[in-house]
$ cat coords.tsv   # TSV, C-alpha atoms and all ligand atoms
chain	number	residue	atom	x	y	z
A	27	MET	CA	136.51	96.40	58.25
A	28	SER	CA	137.14	93.21	56.35
A	29	TRP	CA	137.10	94.34	52.70
A	30	LEU	CA	139.03	92.24	50.19
A	31	CYS	CA	140.56	93.47	46.96
A	32	PRO	CA	138.26	92.31	44.11
A	33	LEU	CA	141.30	91.85	41.84
A	34	CYS	CA	143.76	89.83	43.96
A	35	HIS	CA	141.69	88.97	47.08
A	36	SER	CA	144.24	90.48	49.48
A	37	PRO	CA	142.91	92.52	52.42
A	38	LEU	CA	142.25	96.20	51.72
A	39	LEU	CA	143.68	98.74	54.14
A	40	GLN	CA	142.47	102.31	54.48
A	41	VAL	CA	144.93	105.01	53.50
A	42	THR	CA	143.25	108.41	54.04
A	43	ASN	CA	140.35	108.48	51.55
A	44	SER	CA	141.04	105.27	49.71
A	45	TYR	CA	141.58	101.57	50.26
A	46	ARG	CA	144.69	99.74	49.00
A	47	CYS	CA	145.95	96.18	48.88
A	48	ILE	CA	149.59	95.04	49.08
A	49	ASN	CA	149.65	94.68	45.29
A	50	GLY	CA	148.95	98.36	44.73
A	51	HIS	CA	145.28	98.13	43.67
A	52	GLN	CA	143.48	101.20	44.92
A	53	PHE	CA	139.80	102.03	45.45
A	54	ASP	CA	138.69	105.53	46.39
A	55	VAL	CA	135.90	106.23	48.85
A	56	ALA	CA	133.11	108.12	47.02
A	57	LYS	CA	131.85	111.40	48.47
A	58	GLU	CA	128.73	109.61	49.78
A	59	GLY	CA	131.05	107.26	51.70
A	60	TYR	CA	130.73	104.04	49.67
A	61	LEU	CA	133.40	101.95	47.95
A	62	ASN	CA	133.21	100.87	44.34
A	63	LEU	CA	134.68	97.35	44.28
A	64	LEU	CA	133.32	96.36	40.88
A	65	PRO	CA	136.22	96.50	38.42
A	66	VAL	CA	135.24	97.16	34.84
A	67	GLN	CA	136.41	93.67	33.79
A	68	HIS	CA	133.82	92.13	36.16
A	69	LYS	CA	130.92	94.15	34.74
A	70	ARG	CA	128.46	92.40	32.48
A	71	SER	CA	126.98	95.66	31.20
A	72	LYS	CA	127.77	99.36	31.38
A	73	GLU	CA	125.35	100.07	34.25
A	74	PRO	CA	124.53	96.71	35.84
A	75	GLY	CA	121.65	96.20	38.29
A	76	ASP	CA	118.56	98.31	38.88
A	77	ASN	CA	118.46	101.72	37.20
A	78	GLY	CA	117.63	105.12	38.73
A	79	GLU	CA	113.92	104.93	37.91
A	80	MET	CA	113.59	101.50	39.55
A	81	ILE	CA	115.49	102.66	42.63
A	82	GLN	CA	113.35	105.78	43.04
A	83	ALA	CA	110.18	103.71	42.65
A	84	ARG	CA	111.39	101.19	45.26
A	85	ARG	CA	112.38	103.93	47.70
A	86	ALA	CA	108.97	105.66	47.44
A	87	PHE	CA	107.13	102.37	47.92
A	88	LEU	CA	109.26	101.15	50.83
A	89	ASP	CA	109.24	104.55	52.56
A	90	ALA	CA	105.43	104.38	52.61
A	91	GLY	CA	105.82	101.35	54.93
A	92	HIS	CA	104.09	98.74	52.77
A	93	TYR	CA	106.79	96.10	53.40
A	94	GLN	CA	107.52	97.00	57.01
A	95	PRO	CA	106.18	93.68	58.38
A	96	LEU	CA	108.86	91.88	56.33
A	97	ARG	CA	111.57	94.15	57.71
A	98	ASP	CA	110.23	93.58	61.25
A	99	THR	CA	110.21	89.79	60.82
A	100	ILE	CA	113.85	89.68	59.69
A	101	SER	CA	114.90	92.21	62.34
A	102	GLN	CA	113.33	90.05	65.05
A	103	VAL	CA	115.23	86.99	63.83
A	104	LEU	CA	118.49	88.97	63.80
A	105	ALA	CA	117.84	90.44	67.24
A	106	SER	CA	117.40	86.91	68.64
A	107	LEU	CA	120.89	85.97	67.40
A	108	SER	CA	124.17	87.46	68.48
A	109	VAL	CA	125.08	89.28	65.27
A	110	GLN	CA	128.28	91.31	65.26
A	111	THR	CA	128.90	91.50	61.51
A	112	LEU	CA	126.13	91.51	58.91
A	113	LEU	CA	126.00	91.77	55.12
A	114	ASP	CA	122.85	92.61	53.11
A	115	ILE	CA	123.38	91.43	49.52
A	116	GLY	CA	121.44	93.06	46.69
A	117	CYS	CA	120.58	95.71	49.29
A	118	GLY	CA	119.11	98.17	46.77
A	119	GLU	CA	118.54	101.64	48.20
A	120	GLY	CA	119.18	100.41	51.75
A	121	TYR	CA	115.71	100.30	53.37
A	122	TYR	CA	116.47	97.02	55.16
A	123	THR	CA	120.22	97.59	55.65
A	124	GLY	CA	119.59	100.82	57.56
A	125	THR	CA	117.48	98.96	60.13
A	126	PHE	CA	119.90	96.03	60.36
A	127	GLY	CA	122.59	98.64	61.10
A	128	GLU	CA	120.82	99.29	64.41
A	129	ILE	CA	120.98	95.60	65.36
A	130	ALA	CA	124.46	94.43	64.29
A	131	ARG	CA	127.68	96.03	65.49
A	132	GLU	CA	128.99	96.37	61.93
A	133	SER	CA	126.66	96.26	58.90
A	134	TYR	CA	127.48	96.16	55.22
A	135	GLY	CA	125.27	96.58	52.16
A	136	LEU	CA	126.29	95.39	48.70
A	137	ASP	CA	124.62	95.92	45.35
A	138	VAL	CA	125.78	95.76	41.75
A	139	SER	CA	123.84	98.96	40.99
A	140	LYS	CA	125.94	102.07	41.61
A	141	ILE	CA	122.93	104.36	41.73
A	142	ALA	CA	121.27	102.13	44.37
A	143	ILE	CA	124.41	102.24	46.52
A	144	ARG	CA	124.67	105.98	46.12
A	145	TYR	CA	121.11	106.36	47.48
A	146	ALA	CA	121.81	103.90	50.30
A	147	ALA	CA	125.12	105.43	51.42
A	148	LYS	CA	123.74	108.95	51.36
A	149	ARG	CA	120.85	108.15	53.68
A	150	TYR	CA	122.06	105.35	55.97
A	151	ARG	CA	125.23	106.32	57.83
A	152	ASN	CA	125.13	103.33	60.22
A	153	ALA	CA	126.20	100.84	57.53
A	154	HIS	CA	129.08	100.53	55.07
A	155	PHE	CA	128.12	100.21	51.41
A	156	CYS	CA	129.91	98.91	48.34
A	157	VAL	CA	129.22	98.43	44.67
A	158	ALA	CA	130.05	94.77	43.97
A	159	SER	CA	128.48	91.63	42.61
A	160	SER	CA	127.01	88.97	44.88
A	161	GLN	CA	128.82	86.51	42.60
A	162	ARG	CA	132.17	87.63	44.10
A	163	LEU	CA	131.86	88.97	47.61
A	164	PRO	CA	134.71	91.36	48.51
A	165	PHE	CA	134.89	90.03	52.08
A	166	ALA	CA	137.25	87.71	53.91
A	167	ASP	CA	136.49	84.03	54.54
A	168	ASN	CA	134.42	83.43	57.69
A	169	SER	CA	133.94	87.17	58.31
A	170	MET	CA	130.13	87.56	58.64
A	171	ASP	CA	127.79	86.37	61.39
A	172	ALA	CA	124.82	86.92	59.09
A	173	ILE	CA	124.14	87.47	55.40
A	174	VAL	CA	120.67	88.66	54.42
A	175	ARG	CA	119.35	88.20	50.93
A	176	ILE	CA	115.98	89.81	50.16
A	177	PHE	CA	114.77	89.19	46.60
A	178	ALA	CA	118.32	89.30	45.29
A	179	PRO	CA	120.60	86.93	43.40
A	180	CYS	CA	123.42	85.12	45.19
A	181	ASN	CA	126.16	82.56	44.78
A	182	ALA	CA	125.78	79.78	47.36
A	183	THR	CA	129.53	78.99	47.34
A	184	GLU	CA	130.35	82.60	48.13
A	185	LEU	CA	127.79	82.65	50.95
A	186	ALA	CA	129.40	79.54	52.46
A	187	ARG	CA	132.87	81.05	52.18
A	188	VAL	CA	132.03	84.37	53.85
A	189	VAL	CA	129.64	83.30	56.65
A	190	LYS	CA	131.31	82.16	59.88
A	191	PRO	CA	130.71	78.57	61.02
A	192	GLY	CA	127.53	78.73	63.12
A	193	GLY	CA	126.54	81.98	61.35
A	194	VAL	CA	123.40	82.34	59.26
A	195	VAL	CA	122.06	83.21	55.84
A	196	ILE	CA	118.55	84.68	55.95
A	197	THR	CA	116.65	84.65	52.67
A	198	ALA	CA	113.35	86.32	51.77
A	199	THR	CA	111.62	84.99	48.66
A	200	PRO	CA	108.05	85.15	47.30
A	201	GLY	CA	105.50	82.72	48.73
A	202	PRO	CA	102.69	81.09	46.69
A	203	ARG	CA	100.18	83.98	46.91
A	204	HIS	CA	102.65	86.86	46.64
A	205	LEU	CA	101.09	89.69	44.58
A	206	LEU	CA	98.53	87.27	43.17
A	207	GLN	CA	96.19	90.17	42.29
A	208	PHE	CA	98.72	91.53	39.80
A	209	LYS	CA	98.84	88.16	38.09
A	210	GLU	CA	95.02	88.14	37.94
A	211	LEU	CA	95.17	91.45	36.07
A	212	ILE	CA	97.83	90.30	33.63
A	213	TYR	CA	97.21	86.60	32.93
A	214	SER	CA	93.98	84.82	32.01
A	215	HIS	CA	94.89	82.01	34.48
A	216	ALA	CA	96.76	83.35	37.48
A	217	GLU	CA	98.74	80.53	39.02
A	218	LEU	CA	100.17	80.31	42.50
A	219	HIS	CA	103.92	80.84	42.64
A	220	HIS	CA	105.96	77.70	43.31
A	221	GLU	CA	109.63	78.01	44.07
A	222	GLU	CA	112.01	75.10	44.59
A	223	LEU	CA	113.85	75.07	47.89
A	224	GLU	CA	117.24	76.59	47.12
A	225	ASP	CA	120.31	74.40	47.14
A	226	MET	CA	122.45	75.50	50.09
A	227	PRO	CA	125.33	73.06	50.58
A	228	HIS	CA	127.17	73.62	53.91
A	229	PHE	CA	123.99	75.04	55.49
A	230	GLU	CA	121.15	73.55	57.47
A	231	LEU	CA	117.62	74.99	57.33
A	232	LYS	CA	116.80	76.05	60.90
A	233	GLN	CA	113.64	78.13	60.65
A	234	THR	CA	110.95	79.05	58.12
A	235	LEU	CA	108.58	81.97	58.64
A	236	GLN	CA	105.78	83.08	56.34
A	237	PRO	CA	104.84	86.73	56.89
A	238	ALA	CA	101.77	87.58	54.80
A	239	TRP	CA	99.36	90.50	54.88
A	240	THR	CA	97.02	92.46	52.65
A	241	MET	CA	97.95	95.89	51.32
A	242	GLU	CA	95.44	98.58	50.45
A	243	LEU	CA	97.12	100.66	47.76
A	244	THR	CA	96.12	103.67	45.72
A	245	GLY	CA	96.22	103.08	41.97
A	246	ASN	CA	99.48	105.01	41.73
A	247	GLN	CA	101.11	103.02	44.52
A	248	ALA	CA	100.00	99.81	42.83
A	249	ALA	CA	101.55	100.96	39.55
A	250	THR	CA	104.80	101.76	41.39
A	251	LEU	CA	104.82	98.31	42.94
A	252	LEU	CA	104.08	96.65	39.61
A	253	GLN	CA	107.08	98.49	38.20
A	254	MET	CA	109.27	96.84	40.85
A	255	THR	CA	108.20	93.33	39.86
A	256	PRO	CA	109.13	90.95	37.05
A	257	PHE	CA	105.48	91.11	35.87
A	258	ALA	CA	105.93	94.72	34.74
A	259	TRP	CA	107.15	93.91	31.24
A	260	ARG	CA	104.15	91.56	30.68
A	261	ALA	CA	101.54	94.17	31.63
A	262	ARG	CA	99.69	95.62	28.65
A	263	GLN	CA	98.94	99.34	28.38
A	264	GLU	CA	95.31	98.73	29.56
A	265	VAL	CA	96.60	97.23	32.81
A	266	TRP	CA	98.67	100.32	33.63
A	267	GLN	CA	95.73	102.58	32.75
A	268	GLN	CA	93.31	100.50	34.83
A	269	LEU	CA	95.66	100.67	37.82
A	270	GLU	CA	96.28	104.39	37.55
A	271	GLN	CA	92.55	105.09	37.42
A	272	SER	CA	91.58	102.88	40.35
A	273	ALA	CA	91.06	104.50	43.77
A	274	LEU	CA	91.86	101.33	45.71
A	275	PHE	CA	93.84	98.24	44.77
A	276	VAL	CA	93.87	95.45	47.33
A	277	CYS	CA	96.81	93.13	46.98
A	278	GLU	CA	98.19	90.22	49.00
A	279	THR	CA	101.80	89.81	50.05
A	280	ASP	CA	103.18	86.40	50.90
A	281	PHE	CA	106.86	86.01	51.80
A	282	VAL	CA	108.96	83.05	52.81
A	283	VAL	CA	111.78	83.89	55.21
A	284	ARG	CA	114.29	81.09	55.77
A	285	VAL	CA	117.11	80.96	58.27
A	286	TRP	CA	120.02	78.75	57.20
A	287	GLU	CA	122.83	77.97	59.65
A	288	LYS	CA	126.32	77.22	58.41
A	289	ARG	CA	127.68	73.89	59.60
A	290	ALA	CA	130.93	73.85	61.54
A	291	GLU	CA	133.21	72.29	58.85
A	292	PRO	CA	135.79	74.78	57.44
A	293	ILE	CA	135.32	76.07	53.85
A	294	THR	CA	137.91	78.10	52.01
A	295	GLU	CA	137.15	77.31	48.36
A	296	ARG	CA	136.39	80.26	46.07
A	297	GLN	CA	134.27	79.56	43.05
A	298	ALA	CA	135.86	80.88	39.89
A	299	VAL	CA	133.24	83.00	38.15
A	300	LYS	CA	133.84	83.88	34.55
B	401	LIG	C1	114.46	93.05	43.58
B	401	LIG	S1	115.76	94.12	44.05
B	401	LIG	C2	115.77	93.95	45.81
B	401	LIG	C3	116.45	95.08	46.52
B	401	LIG	C4	116.33	95.06	48.05
B	401	LIG	N1	116.87	93.85	48.62
B	401	LIG	C5	114.89	95.27	48.42
B	401	LIG	O1	114.21	94.27	48.66
B	401	LIG	O2	114.45	96.42	48.45
B	401	LIG	C6	117.20	93.23	43.52
B	401	LIG	C7	118.49	94.01	43.75
B	401	LIG	O3	119.57	93.14	43.41
B	401	LIG	C8	120.54	93.90	42.70
B	401	LIG	N2	121.35	92.95	41.91
B	401	LIG	C9	121.05	92.34	40.74
B	401	LIG	N3	122.07	91.51	40.36
B	401	LIG	C10	123.01	91.60	41.35
B	401	LIG	C11	124.29	91.00	41.55
B	401	LIG	N4	124.79	90.11	40.68
B	401	LIG	N5	124.98	91.33	42.65
B	401	LIG	C12	124.50	92.22	43.55
B	401	LIG	N6	123.30	92.82	43.41
B	401	LIG	C13	122.57	92.51	42.33
B	401	LIG	C14	119.75	94.91	41.90
B	401	LIG	O4	120.52	96.03	41.51
B	401	LIG	C15	118.63	95.25	42.91
B	401	LIG	O5	119.00	96.35	43.71
B	402	ZN	ZN	144.69	93.76	44.92

$ encode --input "coords.tsv" --output "structure tokens" --more "lines below"
Ligand SMILES: C[S@@+](CC[C@H](N)C(=O)[O-])C[C@H]1O[C@@H](n2cnc3c(N)ncnc32)[C@H](O)[C@@H]1O
Ligand SMILES: [Zn+2]
Amino acid sequence: MSWLCPLCHSPLLQVTNSYRCINGHQFDVAKEGYLNLLPVQHKRSKEPGDNGEMIQARRAFLDAGHYQPLRDTISQVLASLSVQTLLDIGCGEGYYTGTFGEIARESYGLDVSKIAIRYAAKRYRNAHFCVASSQRLPFADNSMDAIVRIFAPCNATELARVVKPGGVVITATPGPRHLLQFKELIYSHAELHHEELEDMPHFELKQTLQPAWTMELTGNQAATLLQMTPFAWRARQEVWQQLEQSALFVCETDFVVRVWEKRAEPITERQAVK
């Protein structure tokens, strides 16, 4: 275990059912087995991250296997590398982390949403979970062989600090045609999605994969998926009704998976986040 105290950045050591640093900060292990390393002074709202309804919707959708090809693509990349320690940031309810736990020797999942981590820790016993922000990773410098980031925010400086030299960051982001059919329902001119290549100082882009497939969804499944997307708040009432009444909704996925390798130069800086 390589947890760091979120308050003073000293290593945390397990003492029965809690973790403590040399400065006396203490964090109890929850009954589901996760650690809450998000001190109240680092919270930006009372319940940050995805709420219970969003987490339940995501779990139902992912459990139905609709995004399994994405999970398989990333798992294949990880299996081709020698990954001992892995961190999934913004892991949500743990669908991907649970599978990565079968590939890496030690897997960690981190999310700012406590309810998401509770769901993840309860179901996936092969990974360690914590409530924390990806802006301040509670892990030692150069401690992870791989960090995975699937549709989740990150702090590039923190990624560079925590990944070992020669280790990787794997990102999954939307490609141009991702969920285009939702946009066609919502906007009069549906445009292809264009995303700038992220700025990843200290890393070199090694591989780009573009898994894409077509999903055949029931109206209810489509409504659940729409709820998981940023388009949800733009959808008018008629759109939700139309989806719920349709027997079949055919929708494209289009993902971009990038593998970034950390260069060998040492990095120890920690970005101060207000
Ligand atoms: C779109 S969801 C993706 C979840 C998961 N990776 C998946 O694909 O199923 C984004 C996740 O990032 C989490 N999140 C948002 N801001 C975060 C932050 N600053 N640090 C860590 N997690 C964050 C949310 O709670 C949510 O679970
Ligand atoms: Zn401390």

$ residues_around --input "coords.tsv" --residues "Pro179 (chain A)" --least-positions-apart "5" --cutoff "12 Å" --atoms "all atoms listed in the file" --output "PyMOL selection string"
chain A and resi 75+114-118+136-138+159-162+174+184-185+197-199+224

$ atom_distance --input "coords.tsv" --atom1 "CA of Tyr45 (chain A)" --atom2 "CA of Cys180 (chain A)"
25.0 Å

$ closest_residue --input "coords.tsv" --among "A:Ser139, A:Thr125, A:Leu39, A:Ala86" --to "ligand LIG 401 (chain B)" --atoms "all atoms listed in the file"
A:Ser139

$ closest_residue --input "coords.tsv" --among "A:Glu119, A:Glu128, A:Pro164, A:Asn43" --to "ligand ZN 402 (chain B)" --atoms "all atoms listed in the file"
A:Pro164

$ closest_residue --input "coords.tsv" --among "A:Cys47, A:Leu218, A:Val66, A:Val41" --to "ligand ZN 402 (chain B)" --atoms "only C-alpha atoms and all ligand atoms"
A:Cys47

$ residues_around --input "coords.tsv" --residues "Ala186 (chain A)" --least-positions-apart "2" --cutoff "10 Å" --atoms "only C-alpha atoms" --output "list in words"
Asp167, Asn168, Ile173, Asn181, Ala182, Thr183, Glu184, Val188, Val189, Lys190, Pro191, Gly193, Val194, Val195, Met226, Pro227, His228, Phe229, Glu287, Lys288, Arg289, Pro292, Ile293, Thr294, Glu295 and Arg296 of chain A

$ write_last_selection --input "coords.tsv" --atoms "C-alpha atoms" --output "compact mmCIF listing (two decimals), keeping the file's coordinate frame"
# COMPACT_ATOMS: atom_id res chain seq x y z
CA ASP A 167 136.49 84.03 54.54
CA ASN A 168 134.42 83.43 57.69
CA ILE A 173 124.14 87.47 55.40
CA ASN A 181 126.16 82.56 44.78
CA ALA A 182 125.78 79.78 47.36
CA THR A 183 129.53 78.99 47.34
CA GLU A 184 130.35 82.60 48.13
CA VAL A 188 132.03 84.37 53.85
CA VAL A 189 129.64 83.30 56.65
CA LYS A 190 131.31 82.16 59.88
CA PRO A 191 130.71 78.57 61.02
CA GLY A 193 126.54 81.98 61.35
CA VAL A 194 123.40 82.34 59.26
CA VAL A 195 122.06 83.21 55.84
CA MET A 226 122.45 75.50 50.09
CA PRO A 227 125.33 73.06 50.58
CA HIS A 228 127.17 73.62 53.91
CA PHE A 229 123.99 75.04 55.49
CA GLU A 287 122.83 77.97 59.65
CA LYS A 288 126.32 77.22 58.41
CA ARG A 289 127.68 73.89 59.60
CA PRO A 292 135.79 74.78 57.44
CA ILE A 293 135.32 76.07 53.85
CA THR A 294 137.91 78.10 52.01
CA GLU A 295 137.15 77.31 48.36
CA ARG A 296 136.39 80.26 46.07

$ residues_near_ligand --input "coords.tsv" --ligand "ligand ZN 402 (chain B)" --cutoff "10 Å" --atoms "all atoms listed in the file" --output "PyMOL selection string"
chain A and resi 30-38+45-53

$ residues_around --input "coords.tsv" --residues "Ala248 (chain A)" --least-positions-apart "5" --cutoff "12 Å" --atoms "all atoms listed in the file" --output "PyMOL selection string"
chain A and resi 83-84+86-87+92+205+207-208+211+241-243+253-255+258+265-278

$ atom_distance --input "coords.tsv" --atom1 "CA of Leu113 (chain A)" --atom2 "CA of Pro202 (chain A)"
27.0 Å

$ closest_residue --input "coords.tsv" --among "A:Pro95, A:Pro256, A:Gly192, A:Pro65" --to "ligand LIG 401 (chain B)" --atoms "all atoms listed in the file"
A:Pro256

$ residues_near_point --input "coords.tsv" --point "(121.3, 103.1, 60.2)" --cutoff "7 Å" --atoms "all atoms listed in the file" --output "list in words"
Gly124, Thr125, Gly127, Glu128, Tyr150, Arg151, Asn152 and Ala153 of chain A

$ atom_distance --input "coords.tsv" --atom1 "atom C4 of ligand LIG 401 (chain B)" --atom2 "CA of Tyr213 (chain A)"
25.8 Å

$ closest_residue --input "coords.tsv" --among "A:Thr111, A:His220, A:Gly59, A:Leu251" --to "ligand LIG 401 (chain B)" --atoms "all atoms listed in the file"
A:Leu251

$ closest_residue --input "coords.tsv" --among "A:Ile212, A:Leu104, A:Ala238, A:Leu88" --to "ligand LIG 401 (chain B)" --atoms "all atoms listed in the file"
A:Leu88

$ residues_near_point --input "coords.tsv" --point "(114.2, 72.1, 57.5)" --cutoff "10 Å" --atoms "all atoms listed in the file" --output "number ranges by chain"
A: 230-234, 284-286

$ residues_around --input "coords.tsv" --residues "Ser44 (chain A)" --least-positions-apart "4" --cutoff "6 Å" --atoms "all atoms listed in the file" --output "MDAnalysis selection string"
chainID A and resid 40 53:55

$ axis_aligned_box --input "coords.tsv" --around "ligand LIG 401 (chain B)" --padding-each-side "3 Å" --output "JSON"
{"center_x": 119.6, "center_y": 93.3, "center_z": 44.5, "size_x": 16.8, "size_y": 12.3, "size_z": 14.3}

$ decode --input "coords.tsv" --residues "region 56-147 of chain A" --atoms "C-alpha atoms" --output "CSV table (one decimal), in the first residue's frame"
chain,number,residue,atom,x,y,z
A,56,ALA,CA,-15.3,2.2,6.1
A,57,LYS,CA,-17.3,-1.0,6.6
A,58,GLU,CA,-17.2,-1.6,2.8
A,59,GLY,CA,-13.4,-1.5,3.0
A,60,TYR,CA,-12.6,1.9,1.4
A,61,LEU,CA,-10.7,4.9,2.7
A,62,ASN,CA,-12.1,8.4,2.8
A,63,LEU,CA,-9.1,10.6,2.0
A,64,LEU,CA,-11.0,13.7,1.1
A,65,PRO,CA,-10.8,16.1,4.1
A,66,VAL,CA,-13.7,18.6,4.4
A,67,GLN,CA,-11.4,21.5,3.6
A,68,HIS,CA,-10.6,20.0,0.2
A,69,LYS,CA,-14.3,19.6,-0.7
A,70,ARG,CA,-15.8,22.0,-3.2
A,71,SER,CA,-19.3,21.1,-2.3
A,72,LYS,CA,-21.1,19.0,0.3
A,73,GLU,CA,-21.4,15.9,-1.9
A,74,PRO,CA,-18.9,16.3,-4.7
A,75,GLY,CA,-18.9,14.1,-7.9
A,76,ASP,CA,-21.7,12.0,-9.3
A,77,ASN,CA,-24.8,11.4,-7.2
A,78,GLY,CA,-26.6,8.2,-6.3
A,79,GLU,CA,-29.0,8.4,-9.2
A,80,MET,CA,-26.2,8.9,-11.7
A,81,ILE,CA,-24.2,6.0,-10.2
A,82,GLN,CA,-27.1,3.6,-10.3
A,83,ALA,CA,-27.8,4.6,-13.9
A,84,ARG,CA,-24.2,4.0,-14.9
A,85,ARG,CA,-24.1,0.7,-13.1
A,86,ALA,CA,-27.2,-0.6,-14.8
A,87,PHE,CA,-25.9,0.5,-18.2
A,88,LEU,CA,-22.4,-0.9,-17.8
A,89,ASP,CA,-23.6,-4.2,-16.3
A,90,ALA,CA,-25.7,-4.7,-19.5
A,91,GLY,CA,-22.3,-4.9,-21.4
A,92,HIS,CA,-22.8,-1.9,-23.7
A,93,TYR,CA,-19.3,-0.6,-23.1
A,94,GLN,CA,-17.5,-3.9,-22.8
A,95,PRO,CA,-15.5,-3.4,-26.0
A,96,LEU,CA,-13.9,-0.3,-24.4
A,97,ARG,CA,-13.0,-2.3,-21.3
A,98,ASP,CA,-11.6,-5.1,-23.4
A,99,THR,CA,-9.4,-2.6,-25.4
A,100,ILE,CA,-7.9,-1.1,-22.3
A,101,SER,CA,-7.5,-4.5,-20.6
A,102,GLN,CA,-5.6,-5.7,-23.7
A,103,VAL,CA,-3.2,-2.7,-23.6
A,104,LEU,CA,-2.6,-3.3,-19.8
A,105,ALA,CA,-2.1,-7.0,-20.3
A,106,SER,CA,0.6,-6.3,-22.9
A,107,LEU,CA,2.5,-4.2,-20.3
A,108,SER,CA,4.1,-5.4,-17.1
A,109,VAL,CA,1.7,-3.6,-14.6
A,110,GLN,CA,2.3,-4.2,-10.9
A,111,THR,CA,0.5,-1.2,-9.5
A,112,LEU,CA,-2.5,0.5,-11.2
A,113,LEU,CA,-4.7,3.5,-10.4
A,114,ASP,CA,-8.1,4.1,-12.0
A,115,ILE,CA,-9.0,7.8,-11.5
A,116,GLY,CA,-12.6,8.9,-11.5
A,117,CYS,CA,-13.4,5.2,-11.3
A,118,GLY,CA,-17.1,5.7,-10.6
A,119,GLU,CA,-18.8,2.5,-9.5
A,120,GLY,CA,-15.8,0.4,-10.4
A,121,TYR,CA,-16.9,-1.4,-13.6
A,122,TYR,CA,-13.4,-1.0,-15.2
A,123,THR,CA,-11.4,-1.1,-11.9
A,124,GLY,CA,-12.8,-4.6,-11.1
A,125,THR,CA,-11.4,-6.0,-14.4
A,126,PHE,CA,-8.1,-4.1,-14.1
A,127,GLY,CA,-7.8,-5.8,-10.6
A,128,GLU,CA,-7.4,-9.1,-12.4
A,129,ILE,CA,-4.5,-7.8,-14.5
A,130,ALA,CA,-2.4,-5.8,-12.1
A,131,ARG,CA,-0.9,-7.1,-8.9
A,132,GLU,CA,-2.3,-4.2,-6.9
A,133,SER,CA,-5.2,-2.0,-8.2
A,134,TYR,CA,-6.6,1.2,-6.8
A,135,GLY,CA,-9.7,3.1,-7.7
A,136,LEU,CA,-10.3,6.8,-6.8
A,137,ASP,CA,-13.3,9.0,-7.1
A,138,VAL,CA,-14.5,12.2,-5.5
A,139,SER,CA,-18.0,10.7,-5.1
A,140,LYS,CA,-18.4,8.8,-1.9
A,141,ILE,CA,-21.5,7.0,-3.1
A,142,ALA,CA,-19.6,5.8,-6.2
A,143,ILE,CA,-16.8,4.5,-4.1
A,144,ARG,CA,-19.2,2.8,-1.7
A,145,TYR,CA,-20.7,0.9,-4.7
A,146,ALA,CA,-17.3,0.0,-6.1
A,147,ALA,CA,-15.8,-1.2,-2.8
